[in-house]
Amino acid sequence: MSRGGRLFAVLLTAVWALMGPAATPAWAQAAPGGNLEYAVKANYLVRFAAFVEWPPRAFANAQAPVVICVAGHDPFGATLDRAARGQTAYGRPLTVRRPATREATAGCHILYAGTGAETLISPKTDRAGLLMITDSAVAPERGMIHFVLSEARVRFHIDQQAATRSGLVISSRLLNLALTVREG
Amino acid sequence: MQLIARFRHSRFPLLALGSLLLLLIAGVAIGLLSERALKNQMASEAGAQADLLASAVSGALAFDDREAAQDYVNAVQVNPSVLAAAVYDDSNQLVASYTREGETVPEVTTRRGRATFFRDGRLIVLRPVEEGGQRLGIAGLRMLDTPPSQTFSRYAGLVLVLGLAGLVVIVLAAAQGALRRANRELAERAEVLAETNTLLHQQMAEREKAEEALRQSQKLEAIGRLTGGIAHDFNNLLMVASSGVELLERTVDPGKRKLLIEGVQKAVERGAALTRQMLAFSRRAPLKSEVLHLPTWIEGLRFLFERALREDIEVVLDLPDDLWLVEADPGELELALLNLAVNARDAMPNGGRIILAAHNAAGSGEDTDMACLTVSDTGTGMSEAIASRVFEPFFTTKEVGRGTGLGLSQIYGFVRSSGGEISVESVEGAGTTFTLCLPRTDKPASVPERAPAPTPPDPLTRKAEGRLLLVEDDDAVAAGVGHMVRDLGYTYIRAAQAADALRLLDHGEMFDLVFSDMVMPGEMDGLALAMTVRKRYPGLPVLLTTGFSEVAATAVAERFRVLSKPYGINDLAAILGETLDEVRGRVQADPA
């Protein structure tokens, strides 16, 4: 990332900080390639936690947090941490990790595969209790949920088959919003 | 306060007012409770709908799908009572909305995102959109509150019933009030009426007094006029009697003496008739009713009519034999018929005909059957003005001395007291008809008393015996009676008072009969004397005499023999003989 781009991101972050965490401009048109796009995606990562049901064995106990991991290059930075802070999903807190090793991905419930993530985990993994999220902006291979830009908005495809294989149940409300759903 | 005072004044029943108030309060309370329950139900239904929307729209909100959100919002408008719907994201930005015409989007008014309230006839429901505990936004619905017309129609029944109940209470109260007012007015009227009545009674009493005074003065006037007539008649009679007596002294010719004696006797008879007429008029003579068969009875009077009338007057009797029986005093009826006959005679100075006819008049309805006698003449008749007054006492068309004006009023009094009717019809110049009706009776006819009595043996030829105690206060009468008694062959001692008579008896004087006047001065009158004699000397007969029929009646009631004054020597001889014979007969029958 260039120096100027970084500065822009910092400025935007500052503006969001001023507006408060609740004032996420969710409806703002995500400019392609802009940081706004990633802000939306970060937000979505947090919200997926509320629309997906994990098998009980995916958690150590009832209070165990839902772990959101960013593998490979992290395009979100502090945006994701801010979006997840204070949020819950069915009573569980959300935490963000950035695993650097394959082993470190073991505790993840939601994993965003950034650039270079393939070194840590395959997008086609069907590890139990892991919601694999891929991004067309990173690679064309699709995970369970695959971000795309459609009509200048962040949308997604869903591979319900893969999710089912991993023991996940995706809410119909989420399925309804997907551009395509690969039924299981 | 004024209202209450007015109610109290109009006596609006407090109970009715209270119940009306209670009814109103109950009605309003029921209405309010049911309204609140209804609103609660509406709110909960609206809340459920909003929850549904919030739940459906969560995905769309979470993942910025404005179209999907709009779809959900549009789906809500299927419910016609949803006027507007809106979905806000978690930064309170409007995401999707729907409004009907003239409506506004439900605004977010609370940070919590949960609210239910009514405002301006709208129900606004806000519900948070959450998924898995994540706050995603707010869904809001603006719903139609029950419109007033619907509310009204819902409560119309209740209002109607309440209104009816109120109306009934008011009507009842008004009716009661009216009744009370009417009662009050009635009471007032009754009071006024009572006052008027009292006044009327006073006036009546005053009027009665005035009438009594008038009657008294009329009586005095009548007595004045009567005395004139009677004095004239009596003077004539006395003239005849005194001249006759004087002439008797001067002549010895038996034929002439006989004529003179007859003249004197006639004068005395006329005087007696006059007093009898007066007594009848004054109602002192009691009516002694007998059942009469008029044709038979009148036939027996024919000779009397003929004697009372002149030769140029023809008497025609037209009496059907099947005439109903009547009950009347024969003496009075005789007097009435004689009066009518004499009036008819006087109305026919040049002679004419008197028709005495009779017929039955069957009563209709409440009227009783009557037997009617008509006395018609062919005389001068009279004008209507006179005909209308003929029954008034003392009304006479005859010159002073010829009549007392009592004849027709005697008839009127007699007929009325017998329960009958009398009327007169007259045509001037053609004659007059009196119709006299008496009520029919069912009693059997009594034995005709007018049958010619066997001629008594000449009392003057039969010498009687006996000692009489004559009690009479009037010296002249005592002397006259004494002459007659002695003539009849009795001896007598006179006592001027009842006390003297008793003294004589107590001294042991022996008498065969006590002959006493009834009305006498002193402490004891004739009747008291008779009672005492009957008690002390049961075997001694008492004969009483009086000119007052009223007094005579009381004596008759005590079973004493009474001889009415004036009486002739024949009457005296007969009754003295009867009384003494009865006592002697009893003594013979009971020699003990």
# chains A, B, ... in the order shown; residues from 1 in each chain; ligands from 1
>>> select_by_dssp(residues="chain A", states="helix (DSSP H, G or I)", output="count of residues only")
67
>>> interface_residues(of="chain B", to="chain A", cutoff="10 Å", atoms="only C-alpha atoms", output="list in words")
Ser55, Ala56, Val57, Ser58, Gly59, Ala60, Leu61, Ala62, Phe63, Asp64, Asp65, Arg66, Glu67, Ala68, Asp89, Asp90, Ser91, Asn92, Gln93, Leu94, Val95, Glu130, Glu131, Gly132, Gly133, Gln134, Arg135, Leu136 and Gly137 of chain B
>>> residues_around(residues="Phe515 (chain B)", least_positions_apart="4", cutoff="9 Å", atoms="only C-alpha atoms", output="list in words")
Leu468, Leu469, Leu470, Val471, Glu472, Pro541, Val542, Leu543, Leu544, Thr545 and Leu576 of chain B
>>> residues_around(residues="Thr125 (chain A)", least_positions_apart="3", cutoff="10 Å", atoms="only C-alpha atoms", output="ChimeraX atom specification")
/A:121-122,128,130-132,143-144,162,165-166
>>> write_last_selection(atoms="C-alpha atoms", output="PDB file, in the first residue's frame")
ATOM      1  CA  ILE A 121      -5.667 -23.064   4.356  1.00  0.00           C
ATOM      2  CA  SER A 122      -7.385 -24.157   1.197  1.00  0.00           C
ATOM      3  CA  ALA A 128     -15.911 -28.877  10.762  1.00  0.00           C
ATOM      4  CA  LEU A 130     -15.334 -23.287   9.964  1.00  0.00           C
ATOM      5  CA  LEU A 131     -17.130 -20.804   7.759  1.00  0.00           C
ATOM      6  CA  MET A 132     -14.745 -20.217   4.856  1.00  0.00           C
ATOM      7  CA  GLY A 143     -15.379 -20.728  -0.353  1.00  0.00           C
ATOM      8  CA  MET A 144     -18.669 -21.146   1.438  1.00  0.00           C
ATOM      9  CA  ALA A 162     -19.877 -26.929   1.581  1.00  0.00           C
ATOM     10  CA  ARG A 165     -20.493 -30.504   4.987  1.00  0.00           C
ATOM     11  CA  SER A 166     -18.811 -28.473   7.705  1.00  0.00           C
TER      12      SER A 166
END
>>> residues_around(residues="Gln160 (chain A)", least_positions_apart="5", cutoff="9 Å", atoms="only C-alpha atoms", output="JSON, numbers by chain")
{"A": [144, 145, 165, 168, 169, 170, 175, 181, 182, 183, 184]}
>>> write_last_selection(atoms="N, CA and C atoms", output="PDB file, in the first residue's frame")
ATOM      1  N   MET A 144     -17.233 -20.978   1.133  1.00  0.00           N
ATOM      2  CA  MET A 144     -18.669 -21.146   1.438  1.00  0.00           C
ATOM      3  C   MET A 144     -19.426 -19.868   1.125  1.00  0.00           C
ATOM      4  N   ILE A 145     -18.759 -18.731   1.446  1.00  0.00           N
ATOM      5  CA  ILE A 145     -19.349 -17.456   1.065  1.00  0.00           C
ATOM      6  C   ILE A 145     -18.284 -16.731   0.264  1.00  0.00           C
ATOM      7  N   ARG A 165     -21.549 -29.518   4.736  1.00  0.00           N
ATOM      8  CA  ARG A 165     -20.493 -30.504   4.987  1.00  0.00           C
ATOM      9  C   ARG A 165     -19.739 -30.170   6.267  1.00  0.00           C
ATOM     10  N   LEU A 168     -22.413 -26.616   9.291  1.00  0.00           N
ATOM     11  CA  LEU A 168     -22.959 -25.277   9.553  1.00  0.00           C
ATOM     12  C   LEU A 168     -24.383 -25.179   8.969  1.00  0.00           C
ATOM     13  N   VAL A 169     -25.191 -24.397   9.625  1.00  0.00           N
ATOM     14  CA  VAL A 169     -26.552 -24.133   9.110  1.00  0.00           C
ATOM     15  C   VAL A 169     -26.637 -22.639   8.834  1.00  0.00           C
ATOM     16  N   ILE A 170     -26.899 -22.292   7.575  1.00  0.00           N
ATOM     17  CA  ILE A 170     -26.963 -20.871   7.205  1.00  0.00           C
ATOM     18  C   ILE A 170     -28.435 -20.434   7.201  1.00  0.00           C
ATOM     19  N   LEU A 175     -29.485 -16.687   3.069  1.00  0.00           N
ATOM     20  CA  LEU A 175     -29.551 -17.352   1.766  1.00  0.00           C
ATOM     21  C   LEU A 175     -30.338 -16.511   0.773  1.00  0.00           C
ATOM     22  N   VAL A 181     -26.953 -19.519  -4.759  1.00  0.00           N
ATOM     23  CA  VAL A 181     -26.788 -20.452  -3.653  1.00  0.00           C
ATOM     24  C   VAL A 181     -26.562 -21.823  -4.260  1.00  0.00           C
ATOM     25  N   ARG A 182     -25.492 -22.415  -3.870  1.00  0.00           N
ATOM     26  CA  ARG A 182     -25.246 -23.787  -4.314  1.00  0.00           C
ATOM     27  C   ARG A 182     -25.849 -24.690  -3.273  1.00  0.00           C
ATOM     28  N   GLU A 183     -26.956 -25.276  -3.694  1.00  0.00           N
ATOM     29  CA  GLU A 183     -27.729 -26.030  -2.708  1.00  0.00           C
ATOM     30  C   GLU A 183     -27.023 -27.327  -2.344  1.00  0.00           C
ATOM     31  N   GLY A 184     -27.255 -27.742  -1.142  1.00  0.00           N
ATOM     32  CA  GLY A 184     -26.618 -28.947  -0.665  1.00  0.00           C
ATOM     33  C   GLY A 184     -27.499 -30.180  -0.772  1.00  0.00           C
TER      34      GLY A 184
END
>>> residues_around(residues="region 93-99 of chain A", least_positions_apart="5", cutoff="9 Å", atoms="only C-alpha atoms", output="list of chain:residue names")
A:Val46, A:Ala49, A:Gln63, A:Ala64, A:Pro65, A:Val66, A:Val67, A:Ile68, A:Cys69, A:Val70, A:Ala71, A:Gly72, A:Asp74, A:Leu80, A:Asp81, A:Ala84, A:Arg85, A:Gly86, A:Gln87, A:Thr88, A:Ala104, A:Thr105, A:Cys108, A:Leu120
>>> atom_distance(atom1="CA of Thr151 (chain B)", atom2="CA of Leu33 (chain B)")
13.2 Å
>>> atom_distance(atom1="CA of Ala573 (chain B)", atom2="CA of Ala273 (chain B)")
21.1 Å
>>> residues_around(residues="Asp135 (chain A)", least_positions_apart="6", cutoff="8 Å", atoms="only C-alpha atoms", output="list in words")
Tyr112, Ala113, Gly114, Arg142, His146, Phe147 and Val148 of chain A
>>> write_last_selection(atoms="C-alpha atoms", output="PDB file, in the first residue's frame")
ATOM      1  CA  TYR A 112     -11.510 -14.582   5.545  1.00  0.00           C
ATOM      2  CA  ALA A 113      -8.957 -15.708   2.996  1.00  0.00           C
ATOM      3  CA  GLY A 114      -6.880 -12.683   2.037  1.00  0.00           C
ATOM      4  CA  ARG A 142     -15.033 -19.804  -3.999  1.00  0.00           C
ATOM      5  CA  HIS A 146     -17.754 -15.656  -1.812  1.00  0.00           C
ATOM      6  CA  PHE A 147     -17.710 -11.828  -1.887  1.00  0.00           C
ATOM      7  CA  VAL A 148     -18.242 -10.172  -5.271  1.00  0.00           C
TER       8      VAL A 148
END
>>> atom_distance(atom1="CA of Ala42 (chain A)", atom2="CA of Gly116 (chain A)")
18.2 Å
